[in-house]
$ cat final-v3.txt   # compact mmCIF, N, CA and C atoms
# COMPACT_ATOMS: atom_id res chain seq x y z
N MET A 14 -53.97 70.24 33.22
CA MET A 14 -52.67 69.86 32.68
C MET A 14 -52.66 68.37 32.34
N CYS A 15 -52.18 68.06 31.18
CA CYS A 15 -52.13 66.66 30.74
C CYS A 15 -50.72 66.12 30.97
N THR A 16 -50.63 65.10 31.77
CA THR A 16 -49.32 64.50 32.00
C THR A 16 -49.31 63.09 31.44
N GLN A 17 -48.23 62.77 30.79
CA GLN A 17 -48.08 61.45 30.20
C GLN A 17 -47.52 60.49 31.25
N THR A 18 -48.10 59.29 31.31
CA THR A 18 -47.57 58.30 32.26
C THR A 18 -46.22 57.81 31.78
N LYS A 19 -45.47 57.22 32.70
CA LYS A 19 -44.17 56.65 32.32
C LYS A 19 -44.35 55.54 31.30
N ALA A 20 -45.42 54.74 31.46
CA ALA A 20 -45.69 53.66 30.50
C ALA A 20 -45.95 54.22 29.12
N ALA A 21 -46.76 55.27 29.03
CA ALA A 21 -47.07 55.88 27.72
C ALA A 21 -45.80 56.43 27.09
N ALA A 22 -44.92 57.02 27.92
CA ALA A 22 -43.65 57.54 27.41
C ALA A 22 -42.78 56.40 26.87
N LEU A 23 -42.77 55.29 27.59
CA LEU A 23 -42.01 54.12 27.12
C LEU A 23 -42.56 53.62 25.80
N MET A 24 -43.89 53.52 25.71
CA MET A 24 -44.53 53.02 24.48
C MET A 24 -44.25 53.92 23.29
N ALA A 25 -44.15 55.22 23.52
CA ALA A 25 -43.89 56.16 22.43
C ALA A 25 -42.55 55.88 21.76
N ASN A 26 -41.63 55.27 22.50
CA ASN A 26 -40.29 55.00 21.97
C ASN A 26 -40.10 53.58 21.43
N ILE A 27 -41.13 52.77 21.45
CA ILE A 27 -41.03 51.40 20.95
C ILE A 27 -41.27 51.40 19.44
N PRO A 28 -40.32 50.88 18.65
CA PRO A 28 -40.55 50.80 17.20
C PRO A 28 -41.79 49.93 16.92
N ARG A 29 -42.64 50.41 16.03
CA ARG A 29 -43.88 49.69 15.72
C ARG A 29 -43.63 48.44 14.89
N ALA A 30 -42.52 48.42 14.15
CA ALA A 30 -42.19 47.24 13.35
C ALA A 30 -40.68 47.03 13.39
N ASP A 31 -40.29 45.79 13.64
CA ASP A 31 -38.88 45.40 13.60
C ASP A 31 -38.81 44.00 13.03
N ILE A 32 -38.25 43.88 11.83
CA ILE A 32 -38.15 42.58 11.17
C ILE A 32 -36.75 42.41 10.60
N ASP A 33 -36.42 41.17 10.26
CA ASP A 33 -35.13 40.89 9.65
C ASP A 33 -35.02 41.61 8.31
N PRO A 34 -33.77 41.95 7.90
CA PRO A 34 -33.58 42.73 6.68
C PRO A 34 -33.93 41.99 5.39
N SER A 35 -34.02 40.65 5.43
CA SER A 35 -34.41 39.91 4.23
C SER A 35 -34.75 38.46 4.61
N GLY A 36 -35.45 37.78 3.69
CA GLY A 36 -35.75 36.37 3.89
C GLY A 36 -37.21 36.11 4.19
N VAL A 37 -37.49 34.84 4.51
CA VAL A 37 -38.82 34.40 4.91
C VAL A 37 -38.73 33.94 6.36
N PHE A 38 -39.60 34.47 7.20
CA PHE A 38 -39.50 34.17 8.63
C PHE A 38 -40.84 34.34 9.33
N LYS A 39 -40.91 33.80 10.53
CA LYS A 39 -42.11 33.90 11.36
C LYS A 39 -42.18 35.31 11.96
N TYR A 40 -43.42 35.75 12.23
CA TYR A 40 -43.61 37.02 12.92
C TYR A 40 -44.77 36.92 13.89
N VAL A 41 -44.78 37.82 14.88
CA VAL A 41 -45.90 37.92 15.80
C VAL A 41 -46.36 39.37 15.88
N LEU A 42 -47.66 39.53 16.14
CA LEU A 42 -48.26 40.84 16.39
C LEU A 42 -48.52 40.88 17.90
N ILE A 43 -47.92 41.85 18.56
CA ILE A 43 -47.96 41.94 20.02
C ILE A 43 -48.68 43.22 20.43
N ARG A 44 -49.64 43.09 21.35
CA ARG A 44 -50.30 44.27 21.92
C ARG A 44 -49.59 44.58 23.23
N VAL A 45 -49.09 45.81 23.34
CA VAL A 45 -48.39 46.27 24.53
C VAL A 45 -49.33 47.21 25.29
N HIS A 46 -49.58 46.90 26.56
CA HIS A 46 -50.49 47.68 27.41
C HIS A 46 -49.70 48.35 28.53
N SER A 47 -50.25 49.46 29.02
CA SER A 47 -49.72 50.08 30.24
C SER A 47 -50.24 49.29 31.44
N ARG A 48 -49.41 49.15 32.47
CA ARG A 48 -49.84 48.53 33.73
C ARG A 48 -50.13 49.59 34.78
N GLU A 49 -50.03 50.86 34.39
CA GLU A 49 -50.21 51.94 35.36
C GLU A 49 -51.69 52.24 35.58
N GLU A 50 -52.02 52.54 36.82
CA GLU A 50 -53.39 52.87 37.23
C GLU A 50 -53.94 54.03 36.41
N GLY A 51 -55.12 53.85 35.85
CA GLY A 51 -55.77 54.93 35.11
C GLY A 51 -55.22 55.16 33.71
N ASP A 52 -54.28 54.36 33.28
CA ASP A 52 -53.69 54.51 31.93
C ASP A 52 -54.08 53.30 31.11
N ASP A 53 -54.99 53.51 30.14
CA ASP A 53 -55.43 52.38 29.32
C ASP A 53 -54.80 52.43 27.92
N SER A 54 -53.66 53.11 27.81
CA SER A 54 -53.01 53.20 26.50
C SER A 54 -52.43 51.84 26.09
N GLU A 55 -52.41 51.63 24.79
CA GLU A 55 -51.85 50.40 24.24
C GLU A 55 -51.39 50.66 22.81
N ILE A 56 -50.45 49.84 22.36
CA ILE A 56 -49.98 49.89 20.98
C ILE A 56 -49.82 48.47 20.47
N ASP A 57 -49.87 48.30 19.16
CA ASP A 57 -49.58 47.02 18.53
C ASP A 57 -48.24 47.13 17.83
N ILE A 58 -47.41 46.10 18.00
CA ILE A 58 -46.09 46.08 17.37
C ILE A 58 -45.88 44.77 16.62
N VAL A 59 -45.08 44.83 15.57
CA VAL A 59 -44.75 43.68 14.73
C VAL A 59 -43.30 43.32 14.97
N ARG A 60 -43.05 42.03 15.19
CA ARG A 60 -41.69 41.54 15.34
C ARG A 60 -41.55 40.25 14.54
N GLY A 61 -40.55 40.21 13.65
CA GLY A 61 -40.33 39.02 12.81
C GLY A 61 -38.85 38.75 12.62
N TYR A 62 -38.45 37.50 12.91
CA TYR A 62 -37.03 37.15 12.85
C TYR A 62 -36.81 35.72 12.36
N GLY A 63 -35.75 35.56 11.58
CA GLY A 63 -35.41 34.25 11.03
C GLY A 63 -34.84 33.28 12.04
N TRP A 64 -34.31 33.78 13.16
CA TRP A 64 -33.71 32.88 14.16
C TRP A 64 -34.75 32.07 14.92
N ALA A 65 -36.01 32.46 14.85
CA ALA A 65 -37.04 31.82 15.68
C ALA A 65 -37.54 30.52 15.06
N GLU A 66 -37.45 29.46 15.85
CA GLU A 66 -38.01 28.18 15.40
C GLU A 66 -39.53 28.20 15.56
N TYR A 67 -40.01 28.86 16.60
CA TYR A 67 -41.44 28.96 16.87
C TYR A 67 -41.83 30.42 17.06
N HIS A 68 -43.10 30.73 16.80
CA HIS A 68 -43.60 32.09 17.03
C HIS A 68 -43.40 32.49 18.50
N ALA A 69 -43.58 31.54 19.40
CA ALA A 69 -43.44 31.82 20.83
C ALA A 69 -42.03 32.26 21.19
N ASP A 70 -41.03 31.83 20.43
CA ASP A 70 -39.65 32.24 20.69
C ASP A 70 -39.52 33.76 20.57
N ILE A 71 -40.15 34.32 19.53
CA ILE A 71 -40.11 35.77 19.33
C ILE A 71 -40.89 36.47 20.44
N TYR A 72 -42.11 35.98 20.69
CA TYR A 72 -42.95 36.62 21.71
C TYR A 72 -42.26 36.60 23.08
N ASP A 73 -41.71 35.46 23.46
CA ASP A 73 -41.07 35.34 24.77
C ASP A 73 -39.92 36.33 24.92
N LYS A 74 -39.07 36.44 23.90
CA LYS A 74 -37.91 37.33 23.97
C LYS A 74 -38.36 38.79 24.03
N VAL A 75 -39.28 39.19 23.16
CA VAL A 75 -39.71 40.59 23.09
C VAL A 75 -40.49 40.98 24.34
N SER A 76 -41.41 40.12 24.78
CA SER A 76 -42.22 40.47 25.96
C SER A 76 -41.36 40.55 27.21
N GLU A 77 -40.38 39.67 27.32
CA GLU A 77 -39.48 39.72 28.48
C GLU A 77 -38.74 41.06 28.54
N GLU A 78 -38.26 41.53 27.39
CA GLU A 78 -37.55 42.81 27.35
C GLU A 78 -38.47 43.97 27.70
N LEU A 79 -39.68 43.97 27.12
CA LEU A 79 -40.59 45.10 27.32
C LEU A 79 -41.19 45.14 28.73
N GLU A 80 -41.38 43.97 29.34
CA GLU A 80 -42.01 43.91 30.65
C GLU A 80 -41.03 44.08 31.80
N LYS A 81 -39.73 44.21 31.50
CA LYS A 81 -38.68 44.29 32.52
C LYS A 81 -38.96 45.31 33.62
N GLY A 82 -39.30 46.53 33.26
CA GLY A 82 -39.47 47.59 34.26
C GLY A 82 -40.75 47.52 35.06
N GLY A 83 -41.67 46.63 34.69
CA GLY A 83 -42.91 46.48 35.41
C GLY A 83 -44.01 47.45 35.01
N ARG A 84 -43.74 48.33 34.04
CA ARG A 84 -44.74 49.32 33.63
C ARG A 84 -45.57 48.86 32.44
N LEU A 85 -45.05 47.88 31.69
CA LEU A 85 -45.73 47.42 30.49
C LEU A 85 -46.11 45.95 30.60
N ASP A 86 -47.18 45.59 29.89
CA ASP A 86 -47.65 44.21 29.84
C ASP A 86 -47.87 43.88 28.37
N CYS A 87 -47.55 42.65 27.97
CA CYS A 87 -47.67 42.26 26.57
C CYS A 87 -48.63 41.09 26.41
N GLU A 88 -49.29 41.05 25.25
CA GLU A 88 -50.06 39.87 24.88
C GLU A 88 -49.89 39.64 23.39
N CYS A 89 -49.71 38.39 23.01
CA CYS A 89 -49.56 38.05 21.60
C CYS A 89 -50.96 37.92 21.01
N ILE A 90 -51.23 38.68 19.95
CA ILE A 90 -52.57 38.63 19.35
C ILE A 90 -52.56 37.95 17.99
N GLY A 91 -51.52 37.15 17.74
CA GLY A 91 -51.49 36.35 16.52
C GLY A 91 -50.12 36.36 15.88
N GLY A 92 -50.00 35.54 14.85
CA GLY A 92 -48.73 35.43 14.15
C GLY A 92 -48.93 35.04 12.71
N GLY A 93 -47.83 34.87 12.03
CA GLY A 93 -47.85 34.48 10.62
C GLY A 93 -46.43 34.44 10.10
N ARG A 94 -46.30 34.69 8.81
CA ARG A 94 -44.98 34.70 8.18
C ARG A 94 -44.82 35.97 7.35
N ILE A 95 -43.57 36.34 7.16
CA ILE A 95 -43.24 37.50 6.34
C ILE A 95 -42.18 37.08 5.33
N LYS A 96 -42.39 37.49 4.08
CA LYS A 96 -41.36 37.34 3.05
C LYS A 96 -40.87 38.74 2.73
N HIS A 97 -39.60 39.00 3.06
CA HIS A 97 -39.01 40.33 2.88
C HIS A 97 -37.96 40.27 1.78
N ASP A 98 -38.23 40.96 0.68
CA ASP A 98 -37.31 41.00 -0.46
C ASP A 98 -36.84 42.45 -0.65
N PRO A 99 -35.70 42.82 -0.03
CA PRO A 99 -35.25 44.21 -0.09
C PRO A 99 -34.84 44.66 -1.49
N GLN A 100 -34.34 43.74 -2.33
CA GLN A 100 -33.94 44.13 -3.69
C GLN A 100 -35.16 44.59 -4.50
N ALA A 101 -36.27 43.86 -4.36
CA ALA A 101 -37.49 44.21 -5.09
C ALA A 101 -38.33 45.24 -4.32
N LYS A 102 -37.91 45.54 -3.09
CA LYS A 102 -38.67 46.44 -2.19
C LYS A 102 -40.10 45.94 -2.02
N LYS A 103 -40.19 44.64 -1.66
CA LYS A 103 -41.49 44.03 -1.44
C LYS A 103 -41.49 43.27 -0.12
N ILE A 104 -42.62 43.38 0.57
CA ILE A 104 -42.85 42.58 1.78
C ILE A 104 -44.23 41.95 1.62
N HIS A 105 -44.28 40.63 1.87
CA HIS A 105 -45.56 39.92 1.80
C HIS A 105 -45.82 39.25 3.15
N VAL A 106 -47.01 39.47 3.69
CA VAL A 106 -47.42 38.93 4.99
C VAL A 106 -48.49 37.87 4.74
N TYR A 107 -48.33 36.70 5.39
CA TYR A 107 -49.29 35.61 5.15
C TYR A 107 -49.23 34.60 6.27
N GLY A 108 -50.11 33.59 6.19
CA GLY A 108 -50.04 32.45 7.09
C GLY A 108 -50.57 32.72 8.49
N TYR A 109 -50.22 31.83 9.40
CA TYR A 109 -50.71 31.91 10.77
C TYR A 109 -49.76 31.20 11.71
N SER A 110 -50.00 31.35 12.99
CA SER A 110 -49.23 30.69 14.04
C SER A 110 -50.07 29.56 14.62
N MET A 111 -49.49 28.38 14.75
CA MET A 111 -50.21 27.26 15.37
C MET A 111 -50.57 27.59 16.82
N GLY A 112 -49.68 28.25 17.53
CA GLY A 112 -49.89 28.53 18.94
C GLY A 112 -50.74 29.76 19.23
N PHE A 113 -50.60 30.80 18.41
CA PHE A 113 -51.27 32.08 18.69
C PHE A 113 -52.41 32.40 17.73
N GLY A 114 -52.56 31.60 16.67
CA GLY A 114 -53.59 31.89 15.68
C GLY A 114 -53.09 32.89 14.65
N ARG A 115 -54.00 33.27 13.74
CA ARG A 115 -53.64 34.19 12.67
C ARG A 115 -53.70 35.63 13.18
N ALA A 116 -52.63 36.37 12.94
CA ALA A 116 -52.63 37.79 13.27
C ALA A 116 -53.52 38.53 12.27
N ASN A 117 -53.94 39.71 12.64
CA ASN A 117 -54.67 40.56 11.70
C ASN A 117 -53.62 41.14 10.75
N HIS A 118 -53.49 40.50 9.58
CA HIS A 118 -52.44 40.89 8.63
C HIS A 118 -52.63 42.31 8.11
N ALA A 119 -53.86 42.82 8.11
CA ALA A 119 -54.10 44.20 7.68
C ALA A 119 -53.41 45.18 8.65
N VAL A 120 -53.48 44.90 9.95
CA VAL A 120 -52.81 45.73 10.95
C VAL A 120 -51.30 45.63 10.76
N THR A 121 -50.81 44.41 10.61
CA THR A 121 -49.38 44.19 10.41
C THR A 121 -48.88 44.95 9.18
N THR A 122 -49.64 44.86 8.10
CA THR A 122 -49.27 45.52 6.84
C THR A 122 -49.16 47.03 7.02
N GLU A 123 -50.09 47.62 7.77
CA GLU A 123 -50.03 49.07 8.01
C GLU A 123 -48.77 49.46 8.79
N LYS A 124 -48.41 48.66 9.80
CA LYS A 124 -47.20 48.93 10.59
C LYS A 124 -45.96 48.85 9.69
N LEU A 125 -45.94 47.86 8.80
CA LEU A 125 -44.80 47.68 7.90
C LEU A 125 -44.73 48.78 6.85
N LYS A 126 -45.88 49.25 6.37
CA LYS A 126 -45.90 50.36 5.40
C LYS A 126 -45.33 51.63 6.03
N ASP A 127 -45.62 51.86 7.31
CA ASP A 127 -45.07 53.02 8.00
C ASP A 127 -43.55 52.91 8.12
N ARG A 128 -43.08 51.70 8.39
CA ARG A 128 -41.64 51.46 8.59
C ARG A 128 -40.89 51.44 7.26
N TYR A 129 -41.56 50.95 6.19
CA TYR A 129 -40.96 50.83 4.86
C TYR A 129 -41.85 51.55 3.84
N PRO A 130 -41.85 52.90 3.87
CA PRO A 130 -42.79 53.65 3.03
C PRO A 130 -42.57 53.49 1.53
N ASP A 131 -41.35 53.14 1.11
CA ASP A 131 -41.07 52.99 -0.32
C ASP A 131 -41.22 51.54 -0.81
N TYR A 132 -41.81 50.69 0.01
CA TYR A 132 -42.01 49.27 -0.34
C TYR A 132 -43.45 49.01 -0.78
N GLU A 133 -43.60 47.95 -1.56
CA GLU A 133 -44.92 47.40 -1.83
C GLU A 133 -45.16 46.35 -0.73
N VAL A 134 -46.16 46.57 0.12
CA VAL A 134 -46.45 45.66 1.23
C VAL A 134 -47.82 45.03 0.99
N THR A 135 -47.86 43.71 0.88
CA THR A 135 -49.11 43.00 0.59
C THR A 135 -49.36 41.91 1.63
N TRP A 136 -50.57 41.39 1.65
CA TRP A 136 -50.89 40.30 2.56
C TRP A 136 -52.01 39.45 2.00
N ASP A 137 -52.07 38.20 2.47
CA ASP A 137 -53.21 37.33 2.23
C ASP A 137 -53.24 36.28 3.34
N ASN A 138 -54.32 35.51 3.39
CA ASN A 138 -54.47 34.52 4.44
C ASN A 138 -54.07 33.12 4.01
N GLU A 139 -53.38 33.02 2.90
CA GLU A 139 -52.98 31.70 2.38
C GLU A 139 -51.75 31.19 3.12
N GLY A 140 -51.57 29.88 3.06
CA GLY A 140 -50.33 29.27 3.56
C GLY A 140 -50.26 29.16 5.07
N TYR A 141 -49.20 28.49 5.49
CA TYR A 141 -48.98 28.26 6.93
C TYR A 141 -47.93 29.19 7.45
$ encode --input "final-v3.txt" --output "structure tokens"
Amino acid sequence: MCTQTKAAALMANIPRADIDPSGVFKYVLIRVHSREEGDDSEIDIVRGYGWAEYHADIYDKVSEELEKGGRLDCECIGGGRIKHDPQAKKIHVYGYSMGFGRANHAVTTEKLKDRYPDYEVTWDNEGY
């Protein structure tokens, strides 16, 4: 019998991408791990918001929320910027984080394509 851990169940309900509805803003790519014994499941999630002055502001807020119950652990695996233009249905991922380094924009782009299937989602390593 295969039983799902509580951490895996929690991870199944975490949105893979959550970004502001429009604008240019910082984003982070976060790897969420299970802290449960014998459970090595993990997921990568994208979070991007205009309110953040620093990439760490986003990571700190999101990781604090996810780690609350003690079943999940987070690590920031990079950052960058997102330009979200809902009128044109385009999202562009670029740049890097001074504190966390450059996220794997290809991974970020895939998460955003799943969340916004009718958008053109592109990326490059140019810019800050």
$ residues_around --input "final-v3.txt" --residues "segment 35-52 of chain A" --least-positions-apart "5" --cutoff "5 Å" --atoms "only N, CA and C atoms" --output "PyMOL selection string"
chain A and resi 57-63+84-97
$ axis_aligned_box --input "final-v3.txt" --around "segment 38-44 of chain A" --padding-each-side "3 Å" --output "AutoDock Vina command-line options"
--center_x -44.9 --center_y 39.2 --center_z 15.2 --size_x 16.8 --size_y 16.8 --size_z 22.0
$ residues_around --input "final-v3.txt" --residues "Val134 of chain A" --least-positions-apart "3" --cutoff "6 Å" --atoms "all atoms listed in the file" --output "PyMOL selection string"
chain A and resi 103-105
$ select_by_dssp --input "final-v3.txt" --residues "segment 36-134 of chain A" --states "alpha helix (DSSP H)" --output "MDAnalysis selection string"
chainID A and resid 68:80 118:128
$ atom_distance --input "final-v3.txt" --atom1 "atom N of Phe113 of chain A" --atom2 "atom CA of Ile27 of chain A"
22.9 Å
$ atom_distance --input "final-v3.txt" --atom1 "atom C of Asp131 of chain A" --atom2 "atom CA of Pro34 of chain A"
13.9 Å
$ residues_around --input "final-v3.txt" --residues "His118 of chain A" --least-positions-apart "5" --cutoff "6.5 Å" --atoms "only N, CA and C atoms" --output "CSV table (one decimal) with N, CA and C atoms, keeping the file's coordinate frame"
chain,number,residue,atom,x,y,z
A,106,VAL,N,-47.0,39.5,3.7
A,106,VAL,CA,-47.4,38.9,5.0
A,106,VAL,C,-48.5,37.9,4.7
A,123,GLU,N,-50.1,47.6,7.8
A,123,GLU,CA,-50.0,49.1,8.0
A,123,GLU,C,-48.8,49.5,8.8
A,136,TRP,N,-50.6,41.4,1.6
A,136,TRP,CA,-50.9,40.3,2.6
A,136,TRP,C,-52.0,39.4,2.0
$ residues_around --input "final-v3.txt" --residues "Leu125 of chain A" --least-positions-apart "5" --cutoff "7 Å" --atoms "only N, CA and C atoms" --output "list in words"
Arg29, Ala30, Val120, Pro130 and Val134 of chain A
$ select_by_dssp --input "final-v3.txt" --residues "chain A" --states "strand (DSSP E)" --output "MDAnalysis selection string"
chainID A and resid 30:32 36:47 55:62 85:98 103:107 133:136
$ closest_residue --input "final-v3.txt" --among "A:Ala20, A:Met111, A:Ile71, A:Leu79" --to "Ser54 of chain A" --atoms "only N, CA and C atoms"
A:Ala20
$ closest_residue --input "final-v3.txt" --among "A:Leu23, A:Lys81, A:Tyr107, A:Arg115" --to "Thr135 of chain A" --atoms "only N, CA and C atoms"
A:Tyr107
$ atom_distance --input "final-v3.txt" --atom1 "atom C of Asp137 of chain A" --atom2 "atom C of Gly108 of chain A"
6.8 Å
$ closest_residue --input "final-v3.txt" --among "A:Asp98, A:Glu80, A:Asp53, A:Asp33" --to "Ala65 of chain A" --atoms "only C-alpha atoms"
A:Asp33
